[in-house]
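*Asks:* So that you have it, the file is run_31.txt, and it contains compact mmCIF, C-alpha atoms and all ligand atoms:
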```
# COMPACT_ATOMS: atom_id res chain seq x y z
CA MET A 17 -8.77 14.44 -15.40
CA TYR A 18 -8.63 17.26 -12.88
CA ASN A 19 -4.91 18.14 -12.80
CA LEU A 20 -5.04 17.40 -9.08
CA LEU A 21 -1.33 16.59 -8.86
CA LYS A 22 0.10 19.14 -11.26
CA GLY A 23 3.66 20.02 -10.22
CA LYS A 24 3.83 17.34 -7.54
CA ARG A 25 6.70 14.87 -7.26
CA GLY A 26 6.60 11.41 -5.77
CA ILE A 27 7.87 7.88 -5.24
CA ILE A 28 5.68 4.87 -6.03
CA PHE A 29 6.65 1.50 -4.54
CA GLY A 30 5.24 -1.88 -5.60
CA ALA A 31 4.15 -1.85 -9.27
CA LEU A 32 4.81 -5.44 -10.34
CA ASP A 33 2.40 -5.91 -13.24
CA GLU A 34 -0.67 -4.21 -14.64
CA ASN A 35 -2.89 -5.76 -11.95
CA SER A 36 -0.89 -4.14 -9.14
CA ILE A 37 -2.67 -1.42 -7.22
CA ALA A 38 0.55 0.62 -7.50
CA TRP A 39 0.49 0.24 -11.28
CA LYS A 40 -3.02 1.70 -11.55
CA THR A 41 -2.03 4.43 -9.12
CA ALA A 42 1.01 5.36 -11.21
CA GLU A 43 -1.20 5.62 -14.30
CA ARG A 44 -3.73 7.81 -12.52
CA VAL A 45 -1.09 10.01 -10.89
CA HIS A 46 0.46 10.52 -14.32
CA GLU A 47 -2.91 11.48 -15.77
CA GLU A 48 -3.37 13.99 -12.95
CA GLY A 49 -0.08 15.71 -13.80
CA GLY A 50 2.19 14.23 -11.11
CA THR A 51 5.76 13.12 -11.82
CA PHE A 52 7.41 10.25 -9.97
CA VAL A 53 10.10 7.64 -9.67
CA LEU A 54 9.04 3.99 -9.74
CA THR A 55 10.71 1.49 -7.47
CA ASN A 56 10.51 -2.20 -6.65
CA ALA A 57 12.71 -4.95 -5.27
CA PRO A 58 15.49 -5.90 -7.70
CA ILE A 59 14.08 -9.45 -8.03
CA ALA A 60 10.60 -8.14 -8.88
CA MET A 61 12.07 -6.08 -11.73
CA ARG A 62 13.18 -9.25 -13.42
CA MET A 63 9.77 -10.88 -13.02
CA GLY A 64 7.56 -7.91 -13.75
CA THR A 65 6.96 -5.51 -16.58
CA ILE A 66 7.68 -2.27 -14.76
CA LYS A 67 9.67 -0.93 -17.75
CA ASP A 68 6.45 -0.66 -19.77
CA LEU A 69 4.91 1.43 -17.03
CA ALA A 70 7.99 3.63 -16.83
CA GLU A 71 7.86 4.29 -20.55
CA LYS A 72 4.17 5.00 -20.52
CA THR A 73 4.44 7.48 -17.66
CA GLY A 74 7.82 9.00 -18.57
CA SER A 75 9.31 7.80 -15.28
CA GLN A 76 12.65 6.45 -14.18
CA ILE A 77 13.02 3.23 -12.22
CA ILE A 78 15.30 2.95 -9.20
CA PRO A 79 15.50 -0.57 -7.75
CA ALA A 80 15.35 -0.81 -3.97
CA ASP A 81 14.71 -3.63 -1.55
CA ALA A 82 12.40 -1.86 0.89
CA THR A 83 13.97 -3.74 3.81
CA SER A 84 17.40 -2.26 3.05
CA VAL A 85 18.02 1.18 4.56
CA GLU A 86 21.00 1.58 2.24
CA ASP A 87 18.85 0.95 -0.84
CA LEU A 88 16.23 3.36 0.47
CA GLU A 89 18.80 6.09 1.09
CA ASN A 90 20.04 5.71 -2.46
CA LEU A 91 16.46 5.74 -3.77
CA VAL A 92 15.46 8.91 -1.93
CA GLU A 93 18.65 10.78 -2.87
CA LYS A 94 18.26 9.87 -6.55
CA ALA A 95 14.52 10.58 -6.59
CA VAL A 96 15.03 14.12 -5.28
CA GLU A 97 17.77 14.65 -7.86
CA ILE A 98 15.81 13.22 -10.80
CA LEU A 99 12.54 14.95 -9.93
CA GLY A 100 14.28 18.24 -9.18
CA GLY A 101 13.00 18.91 -5.68
CA LYS A 102 11.48 17.57 -2.48
CA ILE A 103 8.91 14.77 -2.52
CA ASP A 104 5.18 15.55 -2.27
CA PHE A 105 3.75 12.03 -2.26
CA VAL A 106 4.82 8.46 -1.49
CA LEU A 107 2.88 5.23 -2.03
CA HIS A 108 3.98 2.19 -0.02
CA SER A 109 2.28 -0.72 -1.82
CA ILE A 110 4.33 -3.65 -0.56
CA GLY A 111 3.29 -6.92 1.02
CA MET A 112 4.64 -10.45 1.23
CA SER A 113 4.39 -13.33 3.70
CA VAL A 114 6.81 -16.21 3.39
CA ASN A 115 4.55 -18.37 5.57
CA VAL A 116 1.67 -17.79 3.13
CA ARG A 117 3.91 -18.54 0.18
CA LYS A 118 5.14 -21.78 1.69
CA GLY A 119 1.66 -22.83 2.76
CA ASN A 120 2.41 -22.76 6.49
CA HIS A 121 -0.74 -22.56 8.59
CA TYR A 122 -1.06 -19.68 11.09
CA THR A 123 -0.67 -22.19 13.93
CA ASN A 124 2.50 -23.64 12.41
CA GLN A 125 4.70 -20.67 11.53
CA ASN A 126 8.36 -20.77 10.77
CA TYR A 127 9.52 -17.71 12.72
CA ASP A 128 12.33 -16.88 10.33
CA PHE A 129 9.62 -16.59 7.68
CA THR A 130 7.43 -14.61 10.07
CA GLN A 131 10.24 -12.13 10.67
CA LYS A 132 10.99 -11.75 6.97
CA GLY A 133 7.34 -11.11 6.10
CA TRP A 134 7.04 -8.59 8.95
CA ASP A 135 10.15 -6.77 7.77
CA VAL A 136 8.95 -6.60 4.15
CA SER A 137 5.29 -5.84 4.85
CA ALA A 138 5.42 -3.62 7.94
CA VAL A 139 8.86 -2.46 9.13
CA SER A 140 9.74 -1.38 5.57
CA PHE A 141 7.16 1.39 6.01
CA HIS A 142 9.03 2.69 9.04
CA LYS A 143 12.32 2.45 7.15
CA VAL A 144 10.93 4.38 4.17
CA MET A 145 9.63 7.13 6.44
CA GLN A 146 12.74 7.29 8.61
CA VAL A 147 14.93 7.77 5.54
CA LEU A 148 12.61 10.47 4.15
CA TYR A 149 12.48 12.15 7.57
CA LYS A 150 16.21 12.15 8.23
CA LYS A 151 17.04 13.36 4.75
CA GLU A 152 14.46 16.17 5.01
CA ALA A 153 13.21 14.87 1.67
CA MET A 154 9.48 15.51 2.09
CA ALA A 155 7.92 18.83 1.07
CA GLU A 156 5.57 20.55 3.55
CA TRP A 157 1.99 19.29 3.21
CA GLY A 158 3.28 16.18 1.48
CA SER A 159 1.30 12.95 1.76
CA ILE A 160 2.43 9.40 2.52
CA VAL A 161 0.06 6.46 1.99
CA ALA A 162 0.44 2.74 2.68
CA LEU A 163 -2.03 0.04 1.68
CA THR A 164 -3.53 -2.28 4.26
CA TYR A 165 -6.34 -4.77 4.82
CA MET A 166 -9.10 -5.15 7.42
CA ALA A 167 -7.63 -8.40 8.74
CA ALA A 168 -5.70 -5.98 10.97
CA GLN A 169 -8.93 -5.46 12.95
CA ARG A 170 -11.02 -8.59 12.35
CA VAL A 171 -10.33 -12.27 11.90
CA PHE A 172 -9.96 -13.65 8.38
CA PRO A 173 -8.41 -17.06 9.10
CA ASP A 174 -6.59 -17.51 5.80
CA TYR A 175 -4.97 -14.09 5.88
CA ASN A 176 -2.40 -15.75 8.12
CA ASP A 177 0.48 -13.68 9.55
CA MET A 178 -0.29 -10.86 7.10
CA ALA A 179 -3.06 -9.88 9.54
CA ASP A 180 -0.44 -9.19 12.21
CA ASN A 181 1.83 -7.42 9.72
CA LYS A 182 -1.01 -5.12 8.69
CA ALA A 183 -1.84 -4.29 12.32
CA TYR A 184 1.81 -3.33 12.83
CA LEU A 185 1.86 -1.31 9.59
CA GLU A 186 -1.20 0.68 10.63
CA SER A 187 0.35 1.41 14.01
CA ILE A 188 3.52 2.68 12.36
CA ALA A 189 1.40 5.05 10.25
CA ARG A 190 -0.03 6.61 13.42
CA SER A 191 3.21 6.67 15.40
CA PHE A 192 5.41 8.07 12.64
CA GLY A 193 2.57 10.23 11.36
CA TYR A 194 2.60 12.12 14.65
CA PHE A 195 6.23 13.15 14.25
CA PHE A 196 5.96 13.76 10.52
CA GLY A 197 2.93 15.99 11.10
CA LYS A 198 4.35 17.94 14.01
CA ASP A 199 7.89 18.37 12.70
CA LYS A 200 7.44 18.54 8.92
CA LYS A 201 3.73 19.16 8.23
CA VAL A 202 3.52 15.88 6.33
CA ARG A 203 0.47 13.61 6.54
CA VAL A 204 0.57 9.82 6.88
CA ASN A 205 -2.39 7.49 6.33
CA THR A 206 -3.22 3.89 5.48
CA ILE A 207 -5.92 2.92 3.00
CA SER A 208 -7.69 -0.32 3.87
CA GLN A 209 -8.65 -1.77 0.51
CA SER A 210 -11.19 -4.43 -0.58
CA PRO A 211 -9.79 -7.80 -1.68
CA THR A 212 -8.34 -7.18 -5.16
CA PRO A 213 -7.18 -9.74 -7.76
CA THR A 214 -3.42 -9.05 -7.85
CA THR A 215 -0.36 -11.26 -7.41
CA ALA A 216 -0.20 -10.55 -3.66
CA GLY A 217 -3.99 -10.85 -3.25
CA GLN A 218 -4.22 -14.18 -5.01
CA GLY A 219 -1.59 -15.59 -2.67
CA VAL A 220 -4.28 -15.72 0.04
CA LYS A 221 -5.75 -19.23 0.34
CA GLY A 222 -9.33 -19.44 -0.96
CA PHE A 223 -9.04 -16.00 -2.57
CA ASP A 224 -11.90 -16.53 -5.05
CA SER A 225 -14.51 -17.22 -2.38
CA PHE A 226 -12.96 -14.53 -0.17
CA ILE A 227 -13.38 -11.85 -2.85
CA ALA A 228 -16.89 -13.06 -3.84
CA TYR A 229 -18.02 -12.98 -0.21
CA ALA A 230 -16.73 -9.43 0.30
CA ASP A 231 -18.47 -8.35 -2.89
CA LYS A 232 -21.81 -9.77 -1.75
CA MET A 233 -21.46 -8.19 1.69
CA SER A 234 -20.60 -4.67 0.49
CA PRO A 235 -23.46 -2.36 -0.50
CA LEU A 236 -21.30 -0.83 -3.24
CA GLY A 237 -19.52 -4.09 -4.11
CA ASN A 238 -15.74 -4.45 -3.86
CA ALA A 239 -13.60 -1.42 -4.63
CA THR A 240 -11.34 -2.15 -7.63
CA ALA A 241 -7.64 -1.40 -7.99
CA LEU A 242 -8.58 1.60 -10.14
CA ASP A 243 -10.97 2.86 -7.46
CA CYS A 244 -8.12 2.55 -4.97
CA ALA A 245 -5.83 4.48 -7.30
CA ASN A 246 -8.39 7.27 -7.51
CA TYR A 247 -8.75 7.42 -3.74
CA THR A 248 -4.99 7.54 -3.35
CA VAL A 249 -4.81 10.41 -5.86
CA SER A 250 -7.25 12.33 -3.69
CA MET A 251 -5.08 11.60 -0.64
CA PHE A 252 -2.04 12.94 -2.49
CA SER A 253 -3.88 16.08 -3.58
CA ASP A 254 -4.26 19.38 -1.72
CA LEU A 255 -7.94 18.57 -1.16
CA THR A 256 -7.12 16.35 1.83
CA ARG A 257 -4.48 18.48 3.56
CA CYS A 258 -5.67 17.90 7.10
CA VAL A 259 -6.30 14.16 6.95
CA THR A 260 -3.58 12.33 8.86
CA LEU A 261 -3.01 9.37 11.25
CA GLN A 262 -6.07 7.66 9.76
CA ASN A 263 -6.80 4.16 8.63
CA LEU A 264 -9.23 4.88 5.79
CA TYR A 265 -11.59 2.11 4.74
CA HIS A 266 -11.95 1.89 0.99
CA ASP A 267 -14.12 -1.19 0.70
CA GLY A 268 -17.58 -0.41 -0.68
CA GLY A 269 -18.91 -0.32 2.89
CA PHE A 270 -17.81 -3.84 3.92
CA SER A 271 -16.25 -2.78 7.22
CA ASN A 272 -19.53 -1.54 8.70
CA ILE A 273 -21.74 -4.41 7.54
CA GLY A 274 -23.01 -7.14 9.86
CA VAL A 275 -24.69 -9.12 7.13
CA SER A 276 -26.23 -8.27 3.75
CA GLN A 277 -29.45 -9.53 2.22
CA ALA A 278 -27.45 -11.17 -0.58
CA VAL A 279 -25.54 -13.28 1.94
CA MET A 280 -28.69 -14.04 4.00
CA ASP A 281 -30.40 -15.28 0.82
CA MET A 282 -27.73 -17.93 0.44
CA PHE A 283 -28.93 -19.54 3.71
CA GLU A 284 -32.65 -19.26 2.88
CA ASN A 285 -33.24 -22.98 2.32
CA GLU A 286 -30.82 -24.32 4.90
P1 LIG B 301 1.29 -6.89 -5.92
O1 LIG B 301 1.79 -8.28 -5.77
O2 LIG B 301 1.04 -6.39 -7.29
O3 LIG B 301 2.23 -5.86 -5.13
C1 LIG B 301 3.04 -6.21 -4.04
C2 LIG B 301 4.38 -5.58 -4.30
O4 LIG B 301 5.28 -5.71 -3.19
C3 LIG B 301 5.10 -6.20 -5.51
O5 LIG B 301 5.36 -5.22 -6.48
C4 LIG B 301 6.38 -6.73 -4.91
O6 LIG B 301 7.46 -6.77 -5.81
C5 LIG B 301 6.58 -5.75 -3.77
N1 LIG B 301 7.61 -6.21 -2.83
C6 LIG B 301 7.69 -7.42 -2.22
N2 LIG B 301 8.82 -7.49 -1.48
C7 LIG B 301 9.46 -6.29 -1.63
C8 LIG B 301 10.67 -5.74 -1.10
N3 LIG B 301 11.46 -6.45 -0.29
N4 LIG B 301 11.02 -4.48 -1.46
C9 LIG B 301 10.23 -3.75 -2.29
N5 LIG B 301 9.07 -4.22 -2.79
C10 LIG B 301 8.69 -5.46 -2.47
O7 LIG B 301 -0.09 -6.87 -5.08
P2 LIG B 301 -1.04 -5.68 -4.58
O8 LIG B 301 -2.31 -6.34 -4.19
O9 LIG B 301 -1.06 -4.58 -5.56
O10 LIG B 301 -0.35 -5.23 -3.22
C11 LIG B 301 -0.08 -3.90 -2.89
C12 LIG B 301 -0.44 -3.61 -1.46
O11 LIG B 301 -1.87 -3.64 -1.30
C13 LIG B 301 0.13 -4.60 -0.43
O12 LIG B 301 0.51 -3.90 0.73
C14 LIG B 301 -1.08 -5.47 -0.13
O13 LIG B 301 -1.00 -6.12 1.11
C15 LIG B 301 -2.17 -4.39 -0.15
N6 LIG B 301 -3.53 -4.89 -0.23
C16 LIG B 301 -3.88 -5.79 -1.18
C17 LIG B 301 -5.15 -6.31 -1.22
C18 LIG B 301 -5.50 -7.36 -2.23
O14 LIG B 301 -6.51 -8.07 -2.03
N7 LIG B 301 -4.77 -7.48 -3.33
C19 LIG B 301 -6.20 -5.89 -0.26
C20 LIG B 301 -5.74 -4.89 0.68
C21 LIG B 301 -4.45 -4.43 0.70
```
What would you get if you wrote out this structure as structure tokens?
Ligand code: NAI

*Replies:*
Amino acid sequence: MYNLLKGKRGIIFGALDENSIAWKTAERVHEEGGTFVLTNAPIAMRMGTIKDLAEKTGSQIIPADATSVEDLENLVEKAVEILGGKIDFVLHSIGMSVNVRKGNHYTNQNYDFTQKGWDVSAVSFHKVMQVLYKKEAMAEWGSIVALTYMAAQRVFPDYNDMADNKAYLESIARSFGYFFGKDKKVRVNTISQSPTPTTAGQGVKGFDSFIAYADKMSPLGNATALDCANYTVSMFSDLTRCVTLQNLYHDGGFSNIGVSQAVMDMFENE
């Protein structure tokens, strides 16, 4: 432990269960001396075990549907009040595609589902930032991070409409990041994480082969949820003050690999 976040206050979205990347991040932020409010959609609270995490980290939970501006306004107001000052860090760790859930192929989308998934997975990031921005709730040199996946840049057929949602999310990070940087000295980045065995991750069709392939391709192997939490802690800390508008690959090197020997070996006898 390095006390990297001592005295810093934040909001962490998306801890559903102990596999969640947000869960690991909350644990690591707590260990590094940060205080925060936990939030998730009201329905997820009933399904998940977020109360255990709150107890463990001495945090309060404020339910908010991240697609509801009203919920977000309430969340931000309460968070500032509970934490006793402006917000230094925010983790947006939210993703959901109704088409994926219902097993609709990319070429056979139900557009009501498409719109819902886009709102939850991408536009919610704009809503979170717009509420923070308008309420002047972020402290100077604060840091906002959202989690994304490389299907925003390259084709992964089973990632379905989440690929498009992630591309939109990353664009919001740049576009809003410009104004947040210029007007409030706040940085905004996305972390593009390796496939990770979580509830959202396992929703992707063929996830087991998907994760094994990425692991064999990456010189360092897949980055775990804990690795991602550590990287996010560094992005929340004062050590990364001038990093903004970036999509940061956190994937054991996968994104720059053409092919690895391990994958070539699998075709040796073909
Ligand atoms: P997870 O299933 O543990 O977390 C997703 C969270 O989104 C859940 O806590 C869920 O309740 C929340 N959520 C859904 N709808 C919501 C709404 N309307 N309002 C507020 N919260 C809502 O899964 P994971 O993997 O930890 O996902 C976190 C982020 O990481 C997501 O953005 C995901 O796309 C991203 N990611 C995941 C990867 C993976 O392979 N698991 C790889 C790269 C990025």

*Asks:* Where does chain A meet ligand LIG 301 (chain B) within 7 Å, residue by residue, with the nearest atom pair and distance in Å to one decimal for each, counting all atoms listed in the file, listed by chain and rising number, as a tab-separated table?

*Replies:*
```
residue	atom	partner	partner_atom	distance
A:Phe29	CA	B:LIG301	N5	6.5
A:Gly30	CA	B:LIG301	O5	3.5
A:Ala31	CA	B:LIG301	O5	4.5
A:Leu32	CA	B:LIG301	O5	3.9
A:Asp33	CA	B:LIG301	O2	6.1
A:Asn35	CA	B:LIG301	O2	6.1
A:Ser36	CA	B:LIG301	O2	3.5
A:Ile37	CA	B:LIG301	O9	3.9
A:Ala38	CA	B:LIG301	O9	5.8
A:Asn56	CA	B:LIG301	N5	4.6
A:Ala57	CA	B:LIG301	C9	4.1
A:Ala60	CA	B:LIG301	O6	4.6
A:Ala80	CA	B:LIG301	C9	6.1
A:Asp81	CA	B:LIG301	N4	3.8
A:Ala82	CA	B:LIG301	N4	3.8
A:Thr83	CA	B:LIG301	N3	5.5
A:Ser109	CA	B:LIG301	C12	4.0
A:Ile110	CA	B:LIG301	O4	3.5
A:Gly111	CA	B:LIG301	O12	4.1
A:Met112	CA	B:LIG301	C6	5.5
A:Val136	CA	B:LIG301	N3	5.1
A:Ser137	CA	B:LIG301	O12	6.6
A:Ala162	CA	B:LIG301	O12	6.9
A:Leu163	CA	B:LIG301	O11	4.7
A:Thr164	CA	B:LIG301	C21	4.3
A:Tyr165	CA	B:LIG301	C20	4.2
A:Ser208	CA	B:LIG301	C20	5.9
A:Gln209	CA	B:LIG301	C20	4.3
A:Ser210	CA	B:LIG301	C19	5.2
A:Pro211	CA	B:LIG301	O14	3.3
A:Thr212	CA	B:LIG301	O14	3.7
A:Pro213	CA	B:LIG301	N7	5.5
A:Thr214	CA	B:LIG301	O8	4.7
A:Thr215	CA	B:LIG301	O1	4.0
A:Ala216	CA	B:LIG301	O1	3.7
A:Gly217	CA	B:LIG301	N7	3.5
A:Gln218	CA	B:LIG301	N7	6.9
```

*Asks:* Taking 5 positions as the minimum chain separation for residues in the same chain, which residues sit within 7 Å of segment 87-96 of chain A when counting only C-alpha atoms? Answer as a VMD selection string.

*Replies:* chain A and resid 53 78 80 to 82 101 to 103 144 147 to 148

*Asks:* Please compute the atom CA of Ala179 of chain A-atom CA of Ile227 of chain A distance, one decimal, in Å.

*Replies:*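 Atom CA of Ile227 of chain A lies 16.2 Å from atom CA of Ala179 of chain A.
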
*Asks:* What are the closest atom pairs, with distances in Å to one decimal, for each residue of segment 68-135 of chain A lying within 9 Å of segment 232-256 of chain A, using all atoms listed in the file, rows by chain and rising residue number, as CSV?

*Replies:*
```
residue,atom,partner,partner_atom,distance
A:Asp104,CA,A:Phe252,CA,7.7
A:Phe105,CA,A:Phe252,CA,5.9
A:Val106,CA,A:Phe252,CA,8.3
A:Leu107,CA,A:Thr248,CA,8.3
```

*Asks:* Which polymer residues, protein or nucleic acid, are no farther than 6 Å from (-0.1, 8.2, 8.9), counting all atoms listed in the file, as a list of chain:residue names?

*Replies:*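 The residues near that point, listed by chain and number, are A:Ala189, A:Arg190, A:Gly193, A:Arg203, A:Val204, A:Asn205, A:Thr260, A:Leu261.
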
*Asks:* Just want the 8 Å neighbourhood of Val202 of chain A, counted on all atoms listed in the file, with same-chain residues fewer than 6 positions away dropped. Output as a list in words.

*Replies:* Met154, Ala155, Glu156, Trp157, Gly158, Ser159, Ile160, Gly193 and Phe196 of chain A

*Asks:* Quick one: write out the picked residues with C-alpha atoms as a PDB file, in the coordinates of the input?

*Replies:*
```
ATOM      1  CA  MET A 154       9.480  15.510   2.090  1.00  0.00           C
ATOM      2  CA  ALA A 155       7.920  18.830   1.070  1.00  0.00           C
ATOM      3  CA  GLU A 156       5.570  20.550   3.550  1.00  0.00           C
ATOM      4  CA  TRP A 157       1.990  19.290   3.210  1.00  0.00           C
ATOM      5  CA  GLY A 158       3.280  16.180   1.480  1.00  0.00           C
ATOM      6  CA  SER A 159       1.300  12.950   1.760  1.00  0.00           C
ATOM      7  CA  ILE A 160       2.430   9.400   2.520  1.00  0.00           C
ATOM      8  CA  GLY A 193       2.570  10.230  11.360  1.00  0.00           C
ATOM      9  CA  PHE A 196       5.960  13.760  10.520  1.00  0.00           C
TER      10      PHE A 196
END
```

*Asks:* Which residue is closest to Asn124 of chain A? Choose from A:Asn181, A:Ser140, A:Asn176, A:Thr51 and count only C-alpha atoms.

*Replies:* A:Asn176

*Asks:* Which residue out of A:Lys182, A:Arg44, A:Lys24, A:Lys67 has the minimum interatomic distance to Asp135 of chain A when only C-alpha atoms are used?

*Replies:*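 Between A:Lys182, A:Arg44, A:Lys24, A:Lys67, the residue approaching Asp135 of chain A most closely is A:Lys182.
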